[in-house]
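Okay, protein-v5.pdb is below, PDB, C-alpha atoms, pLDDT in the B column:
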```pdb
ATOM      1  CA  MET A   1     -35.004  42.953   4.873  1.00 48.00           C
ATOM      2  CA  ASP A   2     -33.502  42.480   8.371  1.00 56.00           C
ATOM      3  CA  ASP A   3     -34.333  45.914   9.793  1.00 76.00           C
ATOM      4  CA  ASN A   4     -36.574  44.423  12.474  1.00 90.00           C
ATOM      5  CA  VAL A   5     -33.927  42.158  14.002  1.00 96.00           C
ATOM      6  CA  TYR A   6     -32.099  43.351  17.081  1.00 96.00           C
ATOM      7  CA  ILE A   7     -29.172  41.916  19.039  1.00 95.00           C
ATOM      8  CA  HIS A   8     -29.876  41.576  22.763  1.00 97.00           C
ATOM      9  CA  LEU A   9     -26.535  41.752  24.569  1.00 95.00           C
ATOM     10  CA  ASP A  10     -28.130  41.336  28.017  1.00 95.00           C
ATOM     11  CA  ALA A  11     -30.753  38.759  27.124  1.00 95.00           C
ATOM     12  CA  THR A  12     -31.234  37.663  30.734  1.00 93.00           C
ATOM     13  CA  SER A  13     -32.950  40.980  31.424  1.00 95.00           C
ATOM     14  CA  SER A  14     -34.341  41.892  27.994  1.00 96.00           C
ATOM     15  CA  ILE A  15     -35.616  38.469  26.856  1.00 96.00           C
ATOM     16  CA  LEU A  16     -36.023  36.022  29.764  1.00 96.00           C
ATOM     17  CA  PRO A  17     -38.926  37.780  31.514  1.00 95.00           C
ATOM     18  CA  HIS A  18     -40.926  37.724  28.282  1.00 95.00           C
ATOM     19  CA  LEU A  19     -40.164  34.062  27.568  1.00 95.00           C
ATOM     20  CA  LYS A  20     -41.098  33.046  31.132  1.00 95.00           C
ATOM     21  CA  ALA A  21     -44.574  34.429  30.516  1.00 93.00           C
ATOM     22  CA  HIS A  22     -44.958  31.877  27.692  1.00 93.00           C
ATOM     23  CA  LEU A  23     -43.911  28.697  29.469  1.00 93.00           C
ATOM     24  CA  PRO A  24     -44.125  25.803  28.749  1.00 93.00           C
ATOM     25  CA  GLN A  25     -44.216  26.613  25.004  1.00 93.00           C
ATOM     26  CA  ALA A  26     -41.036  28.720  25.219  1.00 94.00           C
ATOM     27  CA  SER A  27     -39.060  26.310  27.418  1.00 94.00           C
ATOM     28  CA  THR A  28     -36.422  25.365  24.812  1.00 93.00           C
ATOM     29  CA  GLU A  29     -35.760  28.990  23.895  1.00 94.00           C
ATOM     30  CA  LEU A  30     -35.630  29.970  27.570  1.00 95.00           C
ATOM     31  CA  TYR A  31     -33.050  27.255  28.178  1.00 95.00           C
ATOM     32  CA  VAL A  32     -30.775  28.232  25.276  1.00 94.00           C
ATOM     33  CA  VAL A  33     -30.858  31.877  26.378  1.00 95.00           C
ATOM     34  CA  GLN A  34     -29.847  30.800  29.895  1.00 95.00           C
ATOM     35  CA  VAL A  35     -27.341  28.158  28.724  1.00 93.00           C
ATOM     36  CA  PRO A  36     -26.003  29.394  25.372  1.00 90.00           C
ATOM     37  CA  PRO A  37     -24.954  26.721  22.860  1.00 87.00           C
ATOM     38  CA  ALA A  38     -21.585  28.424  22.225  1.00 87.00           C
ATOM     39  CA  PRO A  39     -19.349  30.916  24.052  1.00 88.00           C
ATOM     40  CA  ASN A  40     -19.975  33.505  21.334  1.00 88.00           C
ATOM     41  CA  SER A  41     -23.747  32.989  21.115  1.00 93.00           C
ATOM     42  CA  THR A  42     -25.909  35.863  19.939  1.00 94.00           C
ATOM     43  CA  VAL A  43     -29.505  36.426  21.031  1.00 96.00           C
ATOM     44  CA  LEU A  44     -31.728  38.059  18.426  1.00 96.00           C
ATOM     45  CA  ALA A  45     -35.284  39.364  18.725  1.00 97.00           C
ATOM     46  CA  THR A  46     -37.813  41.216  16.626  1.00 97.00           C
ATOM     47  CA  PHE A  47     -38.031  44.028  19.189  1.00 97.00           C
ATOM     48  CA  PRO A  48     -35.317  46.364  20.531  1.00 97.00           C
ATOM     49  CA  PRO A  49     -33.583  45.477  23.827  1.00 97.00           C
ATOM     50  CA  THR A  50     -34.865  48.665  25.434  1.00 95.00           C
ATOM     51  CA  GLU A  51     -38.517  47.829  24.709  1.00 95.00           C
ATOM     52  CA  SER A  52     -40.987  45.105  25.570  1.00 94.00           C
ATOM     53  CA  PRO A  53     -42.302  42.870  22.816  1.00 95.00           C
ATOM     54  CA  PRO A  54     -45.512  44.066  21.190  1.00 92.00           C
ATOM     55  CA  GLY A  55     -48.542  42.840  23.085  1.00 86.00           C
ATOM     56  CA  SER A  56     -50.891  42.676  20.132  1.00 86.00           C
ATOM     57  CA  SER A  57     -48.671  41.206  17.422  1.00 91.00           C
ATOM     58  CA  ALA A  58     -46.239  38.352  16.918  1.00 93.00           C
ATOM     59  CA  TRP A  59     -42.645  38.637  18.104  1.00 96.00           C
ATOM     60  CA  ALA A  60     -39.769  36.208  17.931  1.00 97.00           C
ATOM     61  CA  VAL A  61     -36.491  35.254  19.556  1.00 97.00           C
ATOM     62  CA  GLY A  62     -33.543  33.450  17.980  1.00 96.00           C
ATOM     63  CA  VAL A  63     -30.354  32.177  19.563  1.00 95.00           C
ATOM     64  CA  LEU A  64     -27.368  31.765  17.277  1.00 93.00           C
ATOM     65  CA  GLY A  65     -24.412  29.721  18.491  1.00 91.00           C
ATOM     66  CA  ILE A  66     -21.806  28.778  15.891  1.00 82.00           C
ATOM     67  CA  THR A  67     -19.446  26.146  17.318  1.00 78.00           C
ATOM     68  CA  GLY A  68     -17.774  24.708  14.243  1.00 73.00           C
ATOM     69  CA  MET A  69     -19.182  21.312  15.192  1.00 74.00           C
ATOM     70  CA  PRO A  70     -21.971  19.632  13.238  1.00 75.00           C
ATOM     71  CA  GLU A  71     -24.691  20.496  15.765  1.00 80.00           C
ATOM     72  CA  THR A  72     -27.657  22.828  16.075  1.00 82.00           C
ATOM     73  CA  GLU A  73     -26.561  26.416  15.490  1.00 89.00           C
ATOM     74  CA  PHE A  74     -29.809  28.389  15.535  1.00 92.00           C
ATOM     75  CA  PHE A  75     -32.848  28.078  17.796  1.00 94.00           C
ATOM     76  CA  PHE A  76     -36.014  30.004  16.901  1.00 96.00           C
ATOM     77  CA  TRP A  77     -39.222  30.656  18.822  1.00 96.00           C
ATOM     78  CA  SER A  78     -42.215  32.866  18.003  1.00 96.00           C
ATOM     79  CA  SER A  79     -44.947  34.108  20.311  1.00 95.00           C
ATOM     80  CA  VAL A  80     -47.517  32.624  17.919  1.00 94.00           C
ATOM     81  CA  GLU A  81     -46.503  29.190  19.225  1.00 93.00           C
ATOM     82  CA  ALA A  82     -48.034  30.065  22.606  1.00 90.00           C
ATOM     83  CA  ALA A  83     -51.232  31.571  21.192  1.00 84.00           C
ATOM     84  CA  PRO A  84     -54.416  29.508  21.472  1.00 82.00           C
ATOM     85  CA  THR A  85     -55.744  27.933  18.290  1.00 78.00           C
ATOM     86  CA  ILE A  86     -58.566  30.048  16.894  1.00 77.00           C
ATOM     87  CA  ASN A  87     -59.371  28.728  13.450  1.00 83.00           C
ATOM     88  CA  ARG A  88     -57.414  27.330  10.555  1.00 82.00           C
ATOM     89  CA  ASP A  89     -57.255  30.567   8.525  1.00 81.00           C
ATOM     90  CA  GLU A  90     -56.127  32.728  11.443  1.00 83.00           C
ATOM     91  CA  ASP A  91     -53.595  30.124  12.550  1.00 85.00           C
ATOM     92  CA  GLU A  92     -52.195  29.952   9.030  1.00 89.00           C
ATOM     93  CA  GLU A  93     -51.817  33.742   8.932  1.00 90.00           C
ATOM     94  CA  ARG A  94     -50.098  33.794  12.339  1.00 91.00           C
ATOM     95  CA  PHE A  95     -47.612  31.096  11.335  1.00 94.00           C
ATOM     96  CA  ARG A  96     -46.954  32.873   8.037  1.00 94.00           C
ATOM     97  CA  THR A  97     -46.037  35.947  10.082  1.00 94.00           C
ATOM     98  CA  ALA A  98     -43.744  33.818  12.251  1.00 95.00           C
ATOM     99  CA  TYR A  99     -42.088  32.383   9.148  1.00 95.00           C
ATOM    100  CA  ALA A 100     -41.479  35.930   7.861  1.00 95.00           C
ATOM    101  CA  GLN A 101     -39.766  36.724  11.179  1.00 96.00           C
ATOM    102  CA  PHE A 102     -37.706  33.534  10.866  1.00 95.00           C
ATOM    103  CA  GLU A 103     -36.642  34.631   7.369  1.00 94.00           C
ATOM    104  CA  GLN A 104     -35.696  38.090   8.680  1.00 95.00           C
ATOM    105  CA  MET A 105     -33.407  36.509  11.251  1.00 94.00           C
ATOM    106  CA  LEU A 106     -31.834  34.244   8.638  1.00 92.00           C
ATOM    107  CA  GLU A 107     -31.217  37.292   6.431  1.00 91.00           C
ATOM    108  CA  PHE A 108     -29.604  39.081   9.380  1.00 92.00           C
ATOM    109  CA  ILE A 109     -27.361  36.095  10.083  1.00 91.00           C
ATOM    110  CA  SER A 110     -26.348  35.617   6.446  1.00 88.00           C
ATOM    111  CA  HIS A 111     -25.740  39.300   5.687  1.00 86.00           C
ATOM    112  CA  ARG A 112     -24.457  40.760   8.948  1.00 82.00           C
ATOM    113  CA  LYS A 113     -23.203  38.039  11.288  1.00 79.00           C
ATOM    114  CA  HIS A 114     -21.898  35.146   9.177  1.00 80.00           C
ATOM    115  CA  PRO A 115     -21.937  35.869   5.438  1.00 77.00           C
ATOM    116  CA  GLU A 116     -19.459  33.014   4.935  1.00 78.00           C
ATOM    117  CA  LYS A 117     -21.923  30.354   6.139  1.00 77.00           C
ATOM    118  CA  GLU A 118     -23.602  28.336   3.439  1.00 78.00           C
ATOM    119  CA  THR A 119     -25.489  25.994   5.762  1.00 81.00           C
ATOM    120  CA  LEU A 120     -27.141  26.685   9.107  1.00 83.00           C
ATOM    121  CA  ILE A 121     -28.425  23.884  11.312  1.00 85.00           C
ATOM    122  CA  VAL A 122     -31.741  24.979  12.826  1.00 89.00           C
ATOM    123  CA  GLY A 123     -33.312  23.414  15.902  1.00 87.00           C
ATOM    124  CA  SER A 124     -36.616  23.704  17.751  1.00 85.00           C
ATOM    125  CA  LEU A 125     -38.517  25.110  14.779  1.00 92.00           C
ATOM    126  CA  HIS A 126     -42.276  24.652  15.101  1.00 92.00           C
ATOM    127  CA  SER A 127     -43.618  22.360  12.372  1.00 91.00           C
ATOM    128  CA  SER A 128     -46.190  24.971  11.278  1.00 92.00           C
ATOM    129  CA  ILE A 129     -43.367  27.452  10.676  1.00 93.00           C
ATOM    130  CA  ALA A 130     -41.139  24.837   9.025  1.00 91.00           C
ATOM    131  CA  SER A 131     -43.909  24.001   6.569  1.00 90.00           C
ATOM    132  CA  TYR A 132     -43.284  27.342   4.812  1.00 91.00           C
ATOM    133  CA  ILE A 133     -39.626  26.588   4.075  1.00 87.00           C
ATOM    134  CA  PRO A 134     -39.268  26.041   0.326  1.00 86.00           C
ATOM    135  CA  ILE A 135     -38.311  22.467  -0.553  1.00 78.00           C
ATOM    136  CA  SER A 136     -35.241  23.772  -2.419  1.00 74.00           C
ATOM    137  CA  SER A 137     -33.890  25.276   0.843  1.00 70.00           C
ATOM    138  CA  ARG A 138     -34.128  22.090   2.868  1.00 63.00           C
ATOM    139  CA  CYS A 139     -31.176  19.770   3.207  1.00 61.00           C
ATOM    140  CA  HIS A 140     -32.666  17.730   5.973  1.00 51.00           C
ATOM    141  CA  LEU A 141     -35.726  18.722   7.955  1.00 46.00           C
ATOM    142  CA  SER A 142     -36.788  16.790  10.986  1.00 47.00           C
ATOM    143  CA  THR A 143     -39.918  18.015  12.774  1.00 44.00           C
TER
END
```
For the file at hand, write its structure as structure tokens.
Amino acid sequence: MDDNVYIHLDATSSILPHLKAHLPQASTELYVVQVPPAPNSTVLATFPPTESPPGSSAWAVGVLGITGMPETEFFFWSSVEAAPTINRDEDEERFRTAYAQFEQMLEFISHRKHPEKETLIVGSLHSSIASYIPISSRCHLST
């Protein structure tokens, strides 16, 4: 379920160096880690804060900032977004993996952080990841 999602309390040291290596593709995520969207923002990743992200497989970062205002509350980025395009089948598999990581973070948010939330406004989601969201789960999707 959400066993591979970790909270990074000191994201400036545990996340930023890894995002900087993926600029410009990770620029939005880098910004929201540096300038959180809410005072109580939470940075999530698919690797523990005491470890580096896996070099040979996909990893992801999410920034959750619930403000109570109708604005973006969750920003998601996956390392597959920075990977060069190889071929259609491999790209599809990579983005499927990224979508699974996105789902894991949503599960974590809905079960552990904010079980009361019925709607979460997501921003900066790559269109190839968004394409896997079931139609029944979309209220409004702008890519």
* To do: Have a look at A:His8, A:Arg88, A:Arg112, A:His126 and name the one nearest to Val63 in chain A; count all atoms listed in the file.
  => A:His8
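If you count all atoms listed in the file and ignore residues fewer than 6 places along the chain from Met105 in chain A, what sits within 10 Å of it is Met1, Asp2, Asp3, Asn4, Val5, Tyr6, Leu44, Ala45, Thr46, Ala60, Val61, Gly62, Val63, Leu64, Phe74, Phe76, Tyr99 and His111 of chain A.
Among the candidate residues A:Thr42, A:Ser57, A:Thr97, A:Gln25, the one lying nearest to Ser124 in chain A is A:Gln25, with distances computed using only C-alpha atoms.
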* Please provide as JSON, numbers by chain all residues within 8 Å of Pro37 in chain A, with the sequence filter that same-chain residues fewer than 5 positions apart are discarded (counting all atoms listed in the file). => {"A": [32, 64, 65, 66, 67, 73]}
Run through the PyMOL selection byres ((chain A and resi 98) around 10) on the given coordinates and return the selected residues as a PDB file with C-alpha atoms, in the coordinates of the input.
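The result, stored in expr_39.pdb:
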```
ATOM      1  CA  ALA A  58     -46.239  38.352  16.918  1.00 93.00           C
ATOM      2  CA  TRP A  59     -42.645  38.637  18.104  1.00 96.00           C
ATOM      3  CA  ALA A  60     -39.769  36.208  17.931  1.00 97.00           C
ATOM      4  CA  PHE A  76     -36.014  30.004  16.901  1.00 96.00           C
ATOM      5  CA  TRP A  77     -39.222  30.656  18.822  1.00 96.00           C
ATOM      6  CA  SER A  78     -42.215  32.866  18.003  1.00 96.00           C
ATOM      7  CA  SER A  79     -44.947  34.108  20.311  1.00 95.00           C
ATOM      8  CA  VAL A  80     -47.517  32.624  17.919  1.00 94.00           C
ATOM      9  CA  GLU A  81     -46.503  29.190  19.225  1.00 93.00           C
ATOM     10  CA  GLU A  92     -52.195  29.952   9.030  1.00 89.00           C
ATOM     11  CA  GLU A  93     -51.817  33.742   8.932  1.00 90.00           C
ATOM     12  CA  ARG A  94     -50.098  33.794  12.339  1.00 91.00           C
ATOM     13  CA  PHE A  95     -47.612  31.096  11.335  1.00 94.00           C
ATOM     14  CA  ARG A  96     -46.954  32.873   8.037  1.00 94.00           C
ATOM     15  CA  THR A  97     -46.037  35.947  10.082  1.00 94.00           C
ATOM     16  CA  TYR A  99     -42.088  32.383   9.148  1.00 95.00           C
ATOM     17  CA  ALA A 100     -41.479  35.930   7.861  1.00 95.00           C
ATOM     18  CA  GLN A 101     -39.766  36.724  11.179  1.00 96.00           C
ATOM     19  CA  PHE A 102     -37.706  33.534  10.866  1.00 95.00           C
ATOM     20  CA  GLU A 103     -36.642  34.631   7.369  1.00 94.00           C
ATOM     21  CA  GLN A 104     -35.696  38.090   8.680  1.00 95.00           C
ATOM     22  CA  HIS A 126     -42.276  24.652  15.101  1.00 92.00           C
ATOM     23  CA  SER A 128     -46.190  24.971  11.278  1.00 92.00           C
ATOM     24  CA  ILE A 129     -43.367  27.452  10.676  1.00 93.00           C
ATOM     25  CA  ALA A 130     -41.139  24.837   9.025  1.00 91.00           C
ATOM     26  CA  TYR A 132     -43.284  27.342   4.812  1.00 91.00           C
TER      27      TYR A 132
END
```
* Structure fact -> Min atom-atom distance to Ile7 in chain A from the set A:Gly68, A:Ile109, A:Ala26, A:Pro54, counting all atoms listed in the file, belongs to A:Ile109
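Counting from CA of Gly123 in chain A, the distance to CA of Ser137 in chain A is 15.2 Å.
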Six-sided padding of 8 Å per side, axis-aligned box over range 117-128 of chain A, centre and edges in Å, one decimal, as AutoDock Vina command-line options:
```
--center_x -34.1 --center_y 26.4 --center_z 10.6 --size_x 40.3 --size_y 24.0 --size_z 30.3
```
Got a minute to add N, CA and C atoms to range 27-50 of chain A and dump it as a compact mmCIF listing (two decimals), keeping the file's coordinate frame?
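Result file result31.txt:
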```
# COMPACT_ATOMS: atom_id res chain seq x y z
N SER A 27 -40.07 26.90 26.52
CA SER A 27 -39.06 26.31 27.42
C SER A 27 -37.71 26.06 26.74
N THR A 28 -37.70 25.60 25.50
CA THR A 28 -36.42 25.36 24.81
C THR A 28 -35.69 26.69 24.61
N GLU A 29 -36.39 27.70 24.14
CA GLU A 29 -35.76 28.99 23.90
C GLU A 29 -35.27 29.61 25.21
N LEU A 30 -36.04 29.47 26.26
CA LEU A 30 -35.63 29.97 27.57
C LEU A 30 -34.33 29.30 28.00
N TYR A 31 -34.25 28.00 27.80
CA TYR A 31 -33.05 27.26 28.18
C TYR A 31 -31.82 27.71 27.38
N VAL A 32 -31.96 27.86 26.07
CA VAL A 32 -30.78 28.23 25.28
C VAL A 32 -30.36 29.69 25.49
N VAL A 33 -31.27 30.52 25.98
CA VAL A 33 -30.86 31.88 26.38
C VAL A 33 -30.06 31.80 27.68
N GLN A 34 -30.53 30.94 28.60
CA GLN A 34 -29.85 30.80 29.90
C GLN A 34 -28.54 30.02 29.78
N VAL A 35 -28.52 29.01 28.92
CA VAL A 35 -27.34 28.16 28.72
C VAL A 35 -27.01 28.20 27.23
N PRO A 36 -26.29 29.23 26.80
CA PRO A 36 -26.00 29.39 25.37
C PRO A 36 -25.27 28.20 24.78
N PRO A 37 -25.58 27.87 23.51
CA PRO A 37 -24.95 26.72 22.86
C PRO A 37 -23.48 26.91 22.53
N ALA A 38 -23.00 28.14 22.54
CA ALA A 38 -21.58 28.42 22.22
C ALA A 38 -21.14 29.65 23.03
N PRO A 39 -19.84 29.76 23.30
CA PRO A 39 -19.35 30.92 24.05
C PRO A 39 -19.65 32.26 23.39
N ASN A 40 -19.73 32.26 22.07
CA ASN A 40 -19.98 33.51 21.33
C ASN A 40 -21.42 33.61 20.84
N SER A 41 -22.34 32.98 21.54
CA SER A 41 -23.75 32.99 21.12
C SER A 41 -24.31 34.40 21.05
N THR A 42 -25.25 34.58 20.13
CA THR A 42 -25.91 35.86 19.94
C THR A 42 -27.41 35.64 20.07
N VAL A 43 -28.06 36.49 20.88
CA VAL A 43 -29.50 36.43 21.03
C VAL A 43 -30.12 37.53 20.18
N LEU A 44 -31.04 37.14 19.33
CA LEU A 44 -31.73 38.06 18.43
C LEU A 44 -33.21 38.12 18.80
N ALA A 45 -33.84 39.24 18.52
CA ALA A 45 -35.28 39.36 18.73
C ALA A 45 -35.85 40.35 17.72
N THR A 46 -37.15 40.32 17.57
CA THR A 46 -37.81 41.22 16.63
C THR A 46 -38.27 42.50 17.30
N PHE A 47 -37.76 42.76 18.50
CA PHE A 47 -38.03 44.03 19.19
C PHE A 47 -36.72 44.51 19.83
N PRO A 48 -36.56 45.82 19.97
CA PRO A 48 -35.32 46.36 20.53
C PRO A 48 -35.12 45.96 21.99
N PRO A 49 -33.87 45.88 22.45
CA PRO A 49 -33.58 45.48 23.83
C PRO A 49 -34.13 46.44 24.88
N THR A 50 -34.37 47.66 24.49
CA THR A 50 -34.86 48.66 25.43
C THR A 50 -36.39 48.71 25.50
```
